[in-house]
$ cat final.tsv   # TSV, C-alpha atoms and all ligand atoms
chain	number	residue	atom	x	y	z
A	1	MET	CA	-5.83	-9.80	24.61
A	2	ILE	CA	-7.53	-8.48	21.47
A	3	LYS	CA	-4.78	-8.88	18.89
A	4	PHE	CA	-3.98	-6.06	16.51
A	5	LEU	CA	-3.94	-8.53	13.61
A	6	ASP	CA	-4.32	-12.28	14.01
A	7	LEU	CA	-2.62	-13.58	10.87
A	8	GLN	CA	-2.80	-17.17	12.01
A	9	LYS	CA	-6.58	-16.92	12.32
A	10	ILE	CA	-6.89	-15.10	8.99
A	11	ASN	CA	-4.98	-17.79	7.10
A	12	ALA	CA	-6.61	-20.65	9.03
A	13	GLN	CA	-9.86	-19.75	7.22
A	14	TYR	CA	-8.27	-21.01	4.00
A	15	LYS	CA	-6.19	-23.89	5.38
A	16	THR	CA	-7.70	-26.61	3.17
A	17	GLU	CA	-7.36	-24.61	-0.05
A	18	LEU	CA	-3.91	-23.26	0.82
A	19	THR	CA	-2.70	-26.79	1.56
A	20	GLN	CA	-4.13	-28.00	-1.77
A	21	ALA	CA	-2.35	-25.14	-3.55
A	22	PHE	CA	0.93	-26.00	-1.79
A	23	ASN	CA	0.60	-29.66	-2.76
A	24	ARG	CA	-0.19	-28.74	-6.36
A	25	VAL	CA	2.99	-26.66	-6.63
A	26	LEU	CA	5.07	-29.27	-4.79
A	27	ASP	CA	3.89	-32.05	-7.08
A	28	SER	CA	4.26	-30.00	-10.26
A	29	GLY	CA	8.06	-29.87	-10.00
A	30	TRP	CA	7.92	-26.31	-11.50
A	31	TYR	CA	8.62	-23.52	-9.00
A	32	ILE	CA	9.38	-20.30	-10.86
A	33	MET	CA	7.59	-18.57	-13.76
A	34	GLY	CA	4.97	-21.15	-14.58
A	35	ALA	CA	1.23	-21.71	-14.77
A	36	GLU	CA	0.45	-20.54	-11.21
A	37	LEU	CA	2.05	-17.14	-11.77
A	38	LYS	CA	0.29	-16.73	-15.12
A	39	LEU	CA	-3.07	-17.59	-13.56
A	40	PHE	CA	-2.61	-15.22	-10.63
A	41	GLU	CA	-1.46	-12.41	-12.93
A	42	THR	CA	-4.54	-12.87	-15.12
A	43	ASP	CA	-6.87	-13.00	-12.11
A	44	PHE	CA	-5.29	-9.97	-10.44
A	45	ALA	CA	-5.35	-7.91	-13.67
A	46	ASN	CA	-9.05	-8.79	-14.05
A	47	TYR	CA	-9.65	-7.87	-10.43
A	48	CYS	CA	-8.02	-4.45	-10.86
A	49	GLY	CA	-9.50	-3.91	-14.32
A	50	THR	CA	-6.07	-3.41	-15.89
A	51	LYS	CA	-4.57	-4.91	-19.03
A	52	HIS	CA	-1.49	-6.19	-17.23
A	53	ALA	CA	-0.56	-7.46	-13.79
A	54	ILE	CA	3.07	-8.46	-13.35
A	55	GLY	CA	4.19	-10.46	-10.34
A	56	VAL	CA	7.34	-9.27	-8.56
A	57	ALA	CA	9.18	-10.19	-5.38
A	58	ASN	CA	7.68	-7.50	-3.09
A	59	GLY	CA	5.99	-4.10	-3.01
A	60	LEU	CA	9.18	-2.06	-2.77
A	61	ASP	CA	10.56	-3.79	-5.88
A	62	ALA	CA	7.27	-3.08	-7.68
A	63	LEU	CA	7.77	0.68	-7.20
A	64	ILE	CA	11.52	0.57	-7.85
A	65	LEU	CA	11.01	-1.34	-11.10
A	66	ILE	CA	8.31	1.00	-12.43
A	67	ILE	CA	10.64	3.98	-12.05
A	68	ARG	CA	13.57	1.99	-13.41
A	69	ALA	CA	11.52	1.01	-16.47
A	70	TYR	CA	10.66	4.65	-17.19
A	71	LYS	CA	14.40	5.37	-17.07
A	72	GLU	CA	15.15	2.56	-19.51
A	73	MET	CA	12.40	3.92	-21.77
A	74	GLY	CA	14.05	7.36	-21.73
A	75	ILE	CA	11.14	9.02	-19.91
A	76	PHE	CA	12.90	9.66	-16.54
A	77	GLN	CA	16.51	10.66	-15.97
A	78	ASP	CA	18.83	10.84	-12.95
A	79	GLY	CA	18.00	13.96	-10.93
A	80	ASP	CA	14.37	14.20	-12.06
A	81	GLU	CA	11.83	14.88	-9.35
A	82	ILE	CA	8.87	12.81	-8.19
A	83	LEU	CA	6.24	14.23	-5.84
A	84	VAL	CA	5.39	11.93	-2.94
A	85	PRO	CA	3.47	12.45	0.33
A	86	SER	CA	5.62	13.42	3.33
A	87	ASN	CA	3.79	11.00	5.68
A	88	THR	CA	4.03	7.79	3.65
A	89	TYR	CA	5.67	4.53	4.64
A	90	ILE	CA	9.36	4.90	3.79
A	91	ALA	CA	9.23	2.39	0.90
A	92	SER	CA	7.44	4.85	-1.42
A	93	ILE	CA	10.35	7.27	-0.97
A	94	LEU	CA	13.10	4.64	-1.10
A	95	ALA	CA	11.85	3.57	-4.53
A	96	ILE	CA	12.57	7.07	-5.86
A	97	SER	CA	15.99	7.40	-4.18
A	98	ALA	CA	17.02	3.92	-5.35
A	99	ASN	CA	16.74	5.16	-8.93
A	100	ASN	CA	18.79	8.36	-8.38
A	101	LEU	CA	15.69	10.48	-8.73
A	102	VAL	CA	14.72	13.12	-6.18
A	103	PRO	CA	11.72	12.63	-3.87
A	104	VAL	CA	9.89	15.94	-3.33
A	105	LEU	CA	7.74	15.72	-0.22
A	106	VAL	CA	4.19	17.07	-0.25
A	107	GLU	CA	2.15	17.45	2.94
A	108	PRO	CA	-1.02	15.37	3.46
A	109	LYS	CA	-4.47	16.52	4.54
A	110	LEU	CA	-4.64	16.05	8.28
A	111	GLU	CA	-7.67	13.84	8.84
A	112	ALA	CA	-7.75	11.92	5.56
A	113	PHE	CA	-3.96	11.26	5.77
A	114	ASN	CA	-3.55	11.37	1.96
A	115	ILE	CA	-1.59	13.84	-0.18
A	116	ASP	CA	-3.16	17.31	-0.17
A	117	VAL	CA	-3.99	17.84	-3.84
A	118	LEU	CA	-4.17	21.62	-3.33
A	119	LEU	CA	-0.42	21.65	-2.58
A	120	ILE	CA	0.72	19.60	-5.57
A	121	GLU	CA	0.97	22.33	-8.23
A	122	SER	CA	3.15	24.58	-6.05
A	123	LYS	CA	5.76	21.79	-5.87
A	124	ILE	CA	6.00	21.19	-9.62
A	125	THR	CA	9.26	22.36	-11.27
A	126	SER	CA	10.82	21.85	-14.71
A	127	LYS	CA	12.38	18.65	-13.30
A	128	THR	CA	9.14	17.09	-12.07
A	129	LYS	CA	8.35	13.92	-14.00
A	130	ALA	CA	5.79	12.10	-11.88
A	131	ILE	CA	3.40	12.09	-8.94
A	132	LEU	CA	3.51	9.07	-6.65
A	133	PRO	CA	0.26	9.14	-4.67
A	134	VAL	CA	-0.01	6.67	-1.79
A	135	HIS	CA	-3.47	5.35	-0.90
A	136	LEU	CA	-2.54	5.36	2.76
A	137	TYR	CA	-4.32	3.11	5.27
A	138	GLY	CA	-6.52	1.84	2.39
A	139	GLN	CA	-8.19	5.05	1.26
A	140	LEU	CA	-7.89	6.17	-2.35
A	141	CYS	CA	-6.32	9.58	-2.88
A	142	ASP	CA	-8.29	12.22	-4.76
A	143	MET	CA	-7.36	10.55	-8.05
A	144	PRO	CA	-9.60	12.57	-10.42
A	145	VAL	CA	-7.81	15.76	-9.35
A	146	ILE	CA	-4.35	14.12	-9.40
A	147	ILE	CA	-4.94	12.80	-12.93
A	148	THR	CA	-6.08	16.25	-14.10
A	149	ILE	CA	-2.93	17.90	-12.71
A	150	ALA	CA	-0.72	15.16	-14.21
A	151	LYS	CA	-2.27	15.68	-17.65
A	152	LYS	CA	-1.82	19.44	-17.42
A	153	TYR	CA	1.93	19.13	-16.66
A	154	ASN	CA	2.55	15.93	-18.64
A	155	LEU	CA	3.54	13.90	-15.56
A	156	LYS	CA	3.36	10.15	-15.00
A	157	VAL	CA	1.21	8.92	-12.12
A	158	ILE	CA	2.61	5.96	-10.19
A	159	GLU	CA	0.18	4.70	-7.55
A	160	ASP	CA	1.45	3.10	-4.35
A	161	CYS	CA	-1.36	0.59	-3.81
A	162	ALA	CA	0.41	-1.44	-1.12
A	163	GLN	CA	-2.43	-0.72	1.34
A	164	ALA	CA	-5.38	-0.33	-1.02
A	165	HIS	CA	-6.20	-3.59	-2.88
A	166	GLY	CA	-9.77	-3.27	-4.16
A	167	ALA	CA	-10.44	0.35	-3.18
A	168	ILE	CA	-12.81	1.75	-5.79
A	169	LEU	CA	-13.93	5.20	-6.90
A	170	GLU	CA	-16.07	6.08	-9.94
A	171	ASN	CA	-16.03	2.38	-10.94
A	172	LYS	CA	-12.23	2.42	-11.18
A	173	LYS	CA	-10.07	0.44	-8.80
A	174	ALA	CA	-6.81	1.29	-7.10
A	175	GLY	CA	-4.07	0.37	-9.55
A	176	ASN	CA	-6.11	1.40	-12.59
A	177	TRP	CA	-6.01	5.18	-12.11
A	178	GLY	CA	-2.39	5.98	-12.82
A	179	ASP	CA	0.08	4.98	-15.55
A	180	ALA	CA	1.32	2.17	-13.34
A	181	ALA	CA	0.86	0.94	-9.78
A	182	GLY	CA	2.82	-1.04	-7.23
A	183	PHE	CA	1.12	-3.56	-4.93
A	184	SER	CA	2.52	-5.39	-1.91
A	185	PHE	CA	1.31	-8.80	-0.75
A	186	TYR	CA	3.29	-8.69	2.49
A	187	PRO	CA	1.46	-11.05	4.91
A	188	GLY	CA	-0.27	-8.23	6.84
A	189	LYS	CA	-1.60	-6.38	3.79
A	190	ASN	CA	-5.24	-6.64	2.66
A	191	LEU	CA	-4.20	-9.38	0.24
A	192	GLY	CA	-1.34	-11.13	1.99
A	193	ALA	CA	0.91	-13.96	0.84
A	194	LEU	CA	2.70	-16.34	3.22
A	195	GLY	CA	5.94	-14.47	2.67
A	196	ASP	CA	7.10	-11.59	0.48
A	197	ALA	CA	5.30	-10.91	-2.79
A	198	GLY	CA	4.18	-7.97	-4.93
A	199	ALA	CA	2.77	-6.95	-8.31
A	200	ILE	CA	2.69	-4.10	-10.80
A	201	THR	CA	-0.46	-3.18	-12.72
A	202	THR	CA	-0.55	-1.08	-15.89
A	203	ASN	CA	-2.43	-0.63	-19.16
A	204	ASP	CA	0.77	0.28	-21.03
A	205	ASP	CA	2.07	-2.56	-23.25
A	206	ASN	CA	5.55	-1.06	-23.68
A	207	LEU	CA	6.01	-0.50	-19.97
A	208	ALA	CA	4.77	-4.03	-19.23
A	209	SER	CA	7.21	-5.58	-21.65
A	210	CYS	CA	10.13	-3.55	-20.26
A	211	LEU	CA	9.13	-4.53	-16.71
A	212	ARG	CA	8.91	-8.23	-17.56
A	213	ALA	CA	12.48	-8.10	-18.82
A	214	LEU	CA	13.83	-5.98	-15.94
A	215	LEU	CA	12.50	-8.30	-13.24
A	216	ASN	CA	14.14	-11.28	-14.93
A	217	TYR	CA	17.81	-10.20	-15.32
A	218	GLY	CA	16.85	-7.77	-18.08
A	219	SER	CA	15.97	-10.65	-20.34
A	220	GLN	CA	12.90	-11.51	-22.40
A	221	VAL	CA	14.51	-14.37	-24.27
A	222	LYS	CA	16.69	-16.66	-22.18
A	223	TYR	CA	20.39	-15.70	-22.25
A	224	LYS	CA	19.68	-12.52	-24.26
A	225	ASN	CA	19.94	-9.45	-21.99
A	226	LEU	CA	18.36	-6.16	-23.04
A	227	TYR	CA	18.93	-4.34	-19.71
A	228	LYS	CA	21.10	-4.62	-16.63
A	229	GLY	CA	18.14	-6.14	-14.83
A	230	VAL	CA	17.47	-7.71	-11.45
A	231	ASN	CA	15.91	-10.89	-10.13
A	232	SER	CA	12.57	-9.90	-8.65
A	233	ARG	CA	10.21	-12.72	-9.57
A	234	LEU	CA	7.05	-13.84	-7.81
A	235	ASP	CA	7.36	-17.54	-6.92
A	236	GLU	CA	4.86	-20.12	-8.15
A	237	LEU	CA	4.13	-21.07	-4.54
A	238	GLN	CA	3.20	-17.53	-3.44
A	239	ALA	CA	1.19	-17.02	-6.65
A	240	ALA	CA	-0.80	-20.20	-5.96
A	241	LEU	CA	-1.47	-19.16	-2.35
A	242	LEU	CA	-2.45	-15.65	-3.44
A	243	SER	CA	-4.95	-17.03	-5.99
A	244	VAL	CA	-6.73	-18.77	-3.11
A	245	LYS	CA	-6.92	-15.59	-1.04
A	246	LEU	CA	-7.81	-13.25	-3.92
A	247	LYS	CA	-11.15	-15.06	-4.32
A	248	ASN	CA	-12.16	-13.95	-0.84
A	249	LEU	CA	-10.64	-10.48	-0.79
A	250	ASP	CA	-13.91	-8.63	-1.35
A	251	VAL	CA	-15.63	-10.69	1.35
A	252	GLU	CA	-12.89	-9.78	3.84
A	253	THR	CA	-13.05	-6.13	2.82
A	254	ALA	CA	-16.82	-6.07	3.33
A	255	VAL	CA	-16.37	-7.39	6.89
A	256	LYS	CA	-13.71	-4.75	7.57
A	257	ARG	CA	-16.01	-2.02	6.22
A	258	LYS	CA	-18.72	-3.10	8.68
A	259	ILE	CA	-16.29	-2.97	11.60
A	260	ALA	CA	-14.96	0.43	10.47
A	261	GLU	CA	-18.52	1.70	10.22
A	262	ARG	CA	-19.15	0.61	13.80
A	263	TYR	CA	-15.97	2.34	14.99
A	264	LEU	CA	-16.94	5.50	13.10
A	265	THR	CA	-20.45	5.67	14.55
A	266	GLU	CA	-19.95	4.18	18.02
A	267	ILE	CA	-16.61	5.58	19.19
A	268	LYS	CA	-17.61	8.80	20.91
A	269	ASN	CA	-14.87	10.43	22.91
A	270	PRO	CA	-13.81	14.08	22.60
A	271	LYS	CA	-10.19	13.02	23.19
A	272	ILE	CA	-10.22	10.97	20.00
A	273	THR	CA	-10.29	12.16	16.39
A	274	LEU	CA	-11.72	9.63	13.97
A	275	PRO	CA	-10.43	9.25	10.40
A	276	GLU	CA	-12.15	11.18	7.63
A	277	VAL	CA	-13.85	9.04	4.99
A	278	THR	CA	-15.15	10.73	1.87
A	279	ILE	CA	-16.57	7.78	-0.08
A	280	ASP	CA	-17.18	4.38	1.50
A	281	SER	CA	-16.11	2.25	-1.47
A	282	ALA	CA	-12.85	4.17	-1.82
A	283	HIS	CA	-11.64	2.86	1.55
A	284	VAL	CA	-10.66	-0.78	2.11
A	285	TRP	CA	-9.51	-0.25	5.72
A	286	HIS	CA	-6.03	-1.68	5.69
A	287	LEU	CA	-5.76	0.26	8.95
A	288	PHE	CA	-8.19	2.11	11.19
A	289	VAL	CA	-6.13	5.06	12.40
A	290	ILE	CA	-7.31	7.51	15.05
A	291	MET	CA	-5.54	10.57	16.43
A	292	THR	CA	-5.16	11.67	20.04
A	293	ASP	CA	-3.04	14.27	21.84
A	294	LYS	CA	-1.57	11.91	24.43
A	295	ARG	CA	-0.91	9.01	22.13
A	296	ASP	CA	1.50	7.08	24.36
A	297	GLU	CA	-0.89	7.39	27.30
A	298	LEU	CA	-3.79	6.04	25.19
A	299	GLN	CA	-1.70	3.17	23.89
A	300	GLU	CA	-0.73	2.20	27.43
A	301	TYR	CA	-4.36	2.45	28.58
A	302	LEU	CA	-5.53	0.24	25.69
A	303	ASN	CA	-2.77	-2.26	26.41
A	304	ASP	CA	-3.71	-2.36	30.11
A	305	ASN	CA	-7.27	-3.09	28.99
A	306	GLY	CA	-6.27	-5.97	26.73
A	307	ILE	CA	-6.22	-4.17	23.38
A	308	GLN	CA	-3.13	-4.39	21.19
A	309	THR	CA	-2.40	-1.39	18.96
A	310	VAL	CA	0.37	-0.34	16.55
A	311	ILE	CA	1.70	3.08	15.48
A	312	HIS	CA	1.75	3.69	11.70
A	313	TYR	CA	4.23	5.36	11.76
A	314	PRO	CA	6.23	6.71	14.70
A	315	ILE	CA	8.90	8.71	12.77
A	316	PRO	CA	8.24	10.77	9.62
A	317	PRO	CA	10.51	10.02	6.63
A	318	HIS	CA	12.18	13.46	6.78
A	319	LYS	CA	13.27	12.78	10.39
A	320	GLN	CA	14.84	9.42	9.56
A	321	GLU	CA	18.59	8.85	9.82
A	322	ALA	CA	18.49	7.51	6.25
A	323	TYR	CA	17.40	10.96	5.04
A	324	LYS	CA	19.80	13.07	7.14
A	325	GLU	CA	19.74	15.75	4.46
A	326	TRP	CA	16.05	16.41	5.30
A	327	ASN	CA	16.30	16.32	9.10
A	328	ASP	CA	16.10	20.13	9.47
A	329	MET	CA	13.14	20.50	7.12
A	330	SER	CA	9.70	21.15	8.51
A	331	PHE	CA	6.53	19.31	7.55
A	332	PRO	CA	4.22	20.25	10.43
A	333	ILE	CA	1.14	18.28	9.32
A	334	SER	CA	3.14	15.16	8.77
A	335	GLU	CA	4.90	15.67	12.11
A	336	LEU	CA	1.57	16.11	13.90
A	337	ILE	CA	0.25	12.93	12.29
A	338	HIS	CA	3.29	10.94	13.34
A	339	GLN	CA	2.96	12.22	16.91
A	340	THR	CA	-0.76	11.53	17.33
A	341	VAL	CA	-1.78	8.46	15.31
A	342	ILE	CA	-2.59	5.06	16.70
A	343	SER	CA	-4.02	2.09	14.75
A	344	LEU	CA	-6.85	0.05	16.27
A	345	PRO	CA	-7.36	-3.70	15.79
A	346	LEU	CA	-9.32	-4.28	12.57
A	347	SER	CA	-9.52	-7.49	10.58
A	348	ALA	CA	-12.02	-9.81	8.95
A	349	VAL	CA	-11.64	-12.38	11.74
A	350	MET	CA	-12.50	-10.08	14.68
A	351	THR	CA	-15.58	-11.18	16.61
A	352	SER	CA	-18.36	-8.69	17.35
A	353	GLU	CA	-17.50	-9.07	21.07
A	354	GLU	CA	-13.97	-7.92	20.29
A	355	VAL	CA	-15.30	-4.93	18.35
A	356	ASP	CA	-17.62	-4.13	21.29
A	357	GLY	CA	-14.60	-4.36	23.59
A	358	VAL	CA	-12.54	-1.88	21.59
A	359	ILE	CA	-15.44	0.59	21.40
A	360	ASN	CA	-16.33	0.34	25.09
A	361	VAL	CA	-12.77	0.68	26.31
A	362	LEU	CA	-12.19	3.73	24.08
A	363	ASN	CA	-15.43	5.37	25.18
A	364	ALA	CA	-14.45	4.87	28.84
A	365	TYR	CA	-11.05	6.55	28.31
A	401	LIG	C1	4.08	-2.32	2.61
A	401	LIG	C2	4.28	-1.09	1.84
A	401	LIG	C3	5.24	-1.01	0.82
A	401	LIG	C4	6.28	-2.05	0.58
A	401	LIG	O1	5.82	-3.32	0.35
A	401	LIG	P1	6.77	-4.59	0.69
A	401	LIG	O2	6.07	-5.73	0.03
A	401	LIG	O3	6.82	-4.72	2.17
A	401	LIG	O4	8.10	-4.33	0.08
A	401	LIG	C5	5.27	0.14	0.05
A	401	LIG	N1	4.44	1.18	0.30
A	401	LIG	C6	3.53	1.15	1.28
A	401	LIG	C7	2.63	2.32	1.49
A	401	LIG	C8	3.43	0.01	2.10
A	401	LIG	O5	2.54	0.00	3.09
$ encode --input "final.tsv" --output "structure tokens"
Amino acid sequence: MIKFLDLQKINAQYKTELTQAFNRVLDSGWYIMGAELKLFETDFANYCGTKHAIGVANGLDALILIIRAYKEMGIFQDGDEILVPSNTYIASILAISANNLVPVLVEPKLEAFNIDVLLIESKITSKTKAILPVHLYGQLCDMPVIITIAKKYNLKVIEDCAQAHGAILENKKAGNWGDAAGFSFYPGKNLGALGDAGAITTNDDNLASCLRALLNYGSQVKYKNLYKGVNSRLDELQAALLSVKLKNLDVETAVKRKIAERYLTEIKNPKITLPEVTIDSAHVWHLFVIMTDKRDELQEYLNDNGIQTVIHYPIPPHKQEAYKEWNDMSFPISELIHQTVISLPLSAVMTSEEVDGVINVLNAY
């Protein structure tokens, strides 16, 4: 079986260094908010090119806390609207709802899967306060256009970078385009911890200082509480493990790009639509997602031929039980995407024989 994602094999590459990092944290006797977190935050900020990187407990918290901080700063209020793509992973939308703001869904472009920038302006109202673009599957959204629209209407831009660590366009990385960005280090993401972890990047000193308090009970000085905060800290252990893996992130991405390039040039089957890539460096291939009319049939065929696949995602957010109020709304492009997508195996530890196998089996379909 060609695994969709062999996490054991991915992390085995770094076993010696990860074990050293674990031992270092164990022996230090200091497990929360110490030197490992500081070092990882500095390294990750440098990697993204931002002034600040702030470790948090997970990617959802990263997005929730950014919006929460803008509320504490008096920039957002309950009932304000944030534009978000209709085909994103549910977390991007939950982060808006969790803050009593209103998610306004915008359709994506079919083959690139990212928010259709031509539709954004028509969704802006007097209540719109921000755009939350999601760099889905690892491909940067059309950020130059999004930033131009945001400036014109005085909106904040909050990037969901959970799938796009290291994606780069015009010398600017994911997480350095907007006013703030949320990253996830969930184990299966491009940069994955050995558990839950996340980070926020920003160049805004005031936002950073508000965020640092919010994630730590609303406190900057121990036992003095500025806000009704939460506990969403990134552990020393995960920070130490992430520092090991960050060093090799670009190497892993380069391998993924080569595999994606092979898929793009060698998969030739009229029943399969390949993903649209505008600029190579702007895609870090968190997922290689194809579309096909008879998706379930293709998935079964691939499975019968020893290829494991996953659907990202089977149900669009507006059809979820959690968003009953949207169930009768229609987002045809998003619906089509959710009905036809299937994600192929793609990771830095795939052998060229495995890549051959995927291509040959798909071409024989
Ligand atoms: C994974 C993911 C998140 C949430 O990250 P967690 O660390 O799992 O909370 C948010 N948005 C997108 C697009 C994601 O893929």
$ residues_around --input "final.tsv" --residues "Ile146 (chain A)" --least-positions-apart "6" --cutoff "12 Å" --atoms "only C-alpha atoms" --output "compact mmCIF listing (two decimals) with C-alpha atoms, in the coordinates of the input"
# COMPACT_ATOMS: atom_id res chain seq x y z
CA LEU A 83 6.24 14.23 -5.84
CA VAL A 84 5.39 11.93 -2.94
CA ASN A 114 -3.55 11.37 1.96
CA ILE A 115 -1.59 13.84 -0.18
CA ASP A 116 -3.16 17.31 -0.17
CA VAL A 117 -3.99 17.84 -3.84
CA LEU A 118 -4.17 21.62 -3.33
CA LEU A 119 -0.42 21.65 -2.58
CA ILE A 120 0.72 19.60 -5.57
CA GLU A 121 0.97 22.33 -8.23
CA ALA A 130 5.79 12.10 -11.88
CA ILE A 131 3.40 12.09 -8.94
CA LEU A 132 3.51 9.07 -6.65
CA PRO A 133 0.26 9.14 -4.67
CA VAL A 134 -0.01 6.67 -1.79
CA LEU A 140 -7.89 6.17 -2.35
CA LYS A 152 -1.82 19.44 -17.42
CA TYR A 153 1.93 19.13 -16.66
CA ASN A 154 2.55 15.93 -18.64
CA LEU A 155 3.54 13.90 -15.56
CA LYS A 156 3.36 10.15 -15.00
CA VAL A 157 1.21 8.92 -12.12
CA ILE A 158 2.61 5.96 -10.19
CA GLU A 159 0.18 4.70 -7.55
CA TRP A 177 -6.01 5.18 -12.11
CA GLY A 178 -2.39 5.98 -12.82
CA ASP A 179 0.08 4.98 -15.55
$ residues_near_ligand --input "final.tsv" --ligand "ligand LIG 401 (chain A)" --cutoff "9 Å" --atoms "all atoms listed in the file" --output "PyMOL selection string"
chain A and resi 57-63+88-93+95+134-137+160-164+182-189+196-198
$ write_last_selection --input "final.tsv" --atoms "C-alpha atoms" --output "PDB file, keeping the file's coordinate frame"
ATOM      1  CA  ALA A  57       9.180 -10.190  -5.380  1.00  0.00           C
ATOM      2  CA  ASN A  58       7.680  -7.500  -3.090  1.00  0.00           C
ATOM      3  CA  GLY A  59       5.990  -4.100  -3.010  1.00  0.00           C
ATOM      4  CA  LEU A  60       9.180  -2.060  -2.770  1.00  0.00           C
ATOM      5  CA  ASP A  61      10.560  -3.790  -5.880  1.00  0.00           C
ATOM      6  CA  ALA A  62       7.270  -3.080  -7.680  1.00  0.00           C
ATOM      7  CA  LEU A  63       7.770   0.680  -7.200  1.00  0.00           C
ATOM      8  CA  THR A  88       4.030   7.790   3.650  1.00  0.00           C
ATOM      9  CA  TYR A  89       5.670   4.530   4.640  1.00  0.00           C
ATOM     10  CA  ILE A  90       9.360   4.900   3.790  1.00  0.00           C
ATOM     11  CA  ALA A  91       9.230   2.390   0.900  1.00  0.00           C
ATOM     12  CA  SER A  92       7.440   4.850  -1.420  1.00  0.00           C
ATOM     13  CA  ILE A  93      10.350   7.270  -0.970  1.00  0.00           C
ATOM     14  CA  ALA A  95      11.850   3.570  -4.530  1.00  0.00           C
ATOM     15  CA  VAL A 134      -0.010   6.670  -1.790  1.00  0.00           C
ATOM     16  CA  HIS A 135      -3.470   5.350  -0.900  1.00  0.00           C
ATOM     17  CA  LEU A 136      -2.540   5.360   2.760  1.00  0.00           C
ATOM     18  CA  TYR A 137      -4.320   3.110   5.270  1.00  0.00           C
ATOM     19  CA  ASP A 160       1.450   3.100  -4.350  1.00  0.00           C
ATOM     20  CA  CYS A 161      -1.360   0.590  -3.810  1.00  0.00           C
ATOM     21  CA  ALA A 162       0.410  -1.440  -1.120  1.00  0.00           C
ATOM     22  CA  GLN A 163      -2.430  -0.720   1.340  1.00  0.00           C
ATOM     23  CA  ALA A 164      -5.380  -0.330  -1.020  1.00  0.00           C
ATOM     24  CA  GLY A 182       2.820  -1.040  -7.230  1.00  0.00           C
ATOM     25  CA  PHE A 183       1.120  -3.560  -4.930  1.00  0.00           C
ATOM     26  CA  SER A 184       2.520  -5.390  -1.910  1.00  0.00           C
ATOM     27  CA  PHE A 185       1.310  -8.800  -0.750  1.00  0.00           C
ATOM     28  CA  TYR A 186       3.290  -8.690   2.490  1.00  0.00           C
ATOM     29  CA  PRO A 187       1.460 -11.050   4.910  1.00  0.00           C
ATOM     30  CA  GLY A 188      -0.270  -8.230   6.840  1.00  0.00           C
ATOM     31  CA  LYS A 189      -1.600  -6.380   3.790  1.00  0.00           C
ATOM     32  CA  ASP A 196       7.100 -11.590   0.480  1.00  0.00           C
ATOM     33  CA  ALA A 197       5.300 -10.910  -2.790  1.00  0.00           C
ATOM     34  CA  GLY A 198       4.180  -7.970  -4.930  1.00  0.00           C
TER      35      GLY A 198
END
$ closest_residue --input "final.tsv" --among "A:Leu169, A:Val145, A:Ile10, A:Ala35" --to "Ala282 (chain A)" --atoms "all atoms listed in the file"
A:Leu169
$ closest_residue --input "final.tsv" --among "A:Val310, A:Leu26, A:Ile32, A:Ile333" --to "Asn87 (chain A)" --atoms "all atoms listed in the file"
A:Ile333
$ closest_atom_pairs --input "final.tsv" --of "region 176-293 of chain A" --to "region 68-73 of chain A" --cutoff "7 Å" --atoms "all atoms listed in the file" --output "CSV"
residue,atom,partner,partner_atom,distance
A:Leu207,CA,A:Ala69,CA,6.7
A:Cys210,CA,A:Ala69,CA,6.1
A:Leu211,CA,A:Ala69,CA,6.0
$ write_last_selection --input "final.tsv" --atoms "C-alpha atoms" --output "PDB file, in the frame of the given file"
ATOM      1  CA  LEU A 207       6.010  -0.500 -19.970  1.00  0.00           C
ATOM      2  CA  CYS A 210      10.130  -3.550 -20.260  1.00  0.00           C
ATOM      3  CA  LEU A 211       9.130  -4.530 -16.710  1.00  0.00           C
TER       4      LEU A 211
END
$ closest_residue --input "final.tsv" --among "A:Glu81, A:Glu252, A:Asp205, A:Asp235" --to "Leu37 (chain A)" --atoms "only C-alpha atoms"
A:Asp235
$ residues_around --input "final.tsv" --residues "Ser330 (chain A)" --least-positions-apart "4" --cutoff "12 Å" --atoms "all atoms listed in the file" --output "ChimeraX atom specification"
/A:86,105-107,316-319,326,334-336
$ atom_distance --input "final.tsv" --atom1 "CA of Leu287 (chain A)" --atom2 "CA of Asn248 (chain A)"
18.4 Å
$ atom_distance --input "final.tsv" --atom1 "CA of Arg233 (chain A)" --atom2 "CA of Phe44 (chain A)"
15.8 Å
$ atom_distance --input "final.tsv" --atom1 "CA of Leu5 (chain A)" --atom2 "CA of Glu17 (chain A)"
21.4 Å
$ axis_aligned_box --input "final.tsv" --around "region 289-293 of chain A" --padding-each-side "6 Å" --output "lines of an AutoDock Vina configuration file"
center_x = -5.2
center_y = 9.7
center_z = 17.1
size_x = 16.3
size_y = 21.2
size_z = 21.4
$ residues_around --input "final.tsv" --residues "Asp78 (chain A)" --least-positions-apart "4" --cutoff "8 Å" --atoms "all atoms listed in the file" --output "ChimeraX atom specification"
/A:99-101
$ closest_residue --input "final.tsv" --among "A:Ile96, A:Gln320, A:Ile337, A:Asn360" --to "Pro108 (chain A)" --atoms "only C-alpha atoms"
A:Ile337
$ residues_around --input "final.tsv" --residues "Ile54 (chain A)" --least-positions-apart "5" --cutoff "8 Å" --atoms "all atoms listed in the file" --output "count of residues only"
7
$ residues_around --input "final.tsv" --residues "Ile267 (chain A)" --least-positions-apart "2" --cutoff "12 Å" --atoms "all atoms listed in the file" --output "list in words"
Ile259, Ala260, Glu261, Arg262, Tyr263, Leu264, Thr265, Asn269, Pro270, Lys271, Ile272, Thr273, Leu274, Pro275, Ile290, Leu344, Val355, Asp356, Gly357, Val358, Ile359, Asn360, Val361, Leu362, Asn363, Ala364 and Tyr365 of chain A
$ closest_residue --input "final.tsv" --among "A:Lys123, A:Leu234, A:Leu215, A:Glu111" --to "Phe288 (chain A)" --atoms "all atoms listed in the file"
A:Glu111
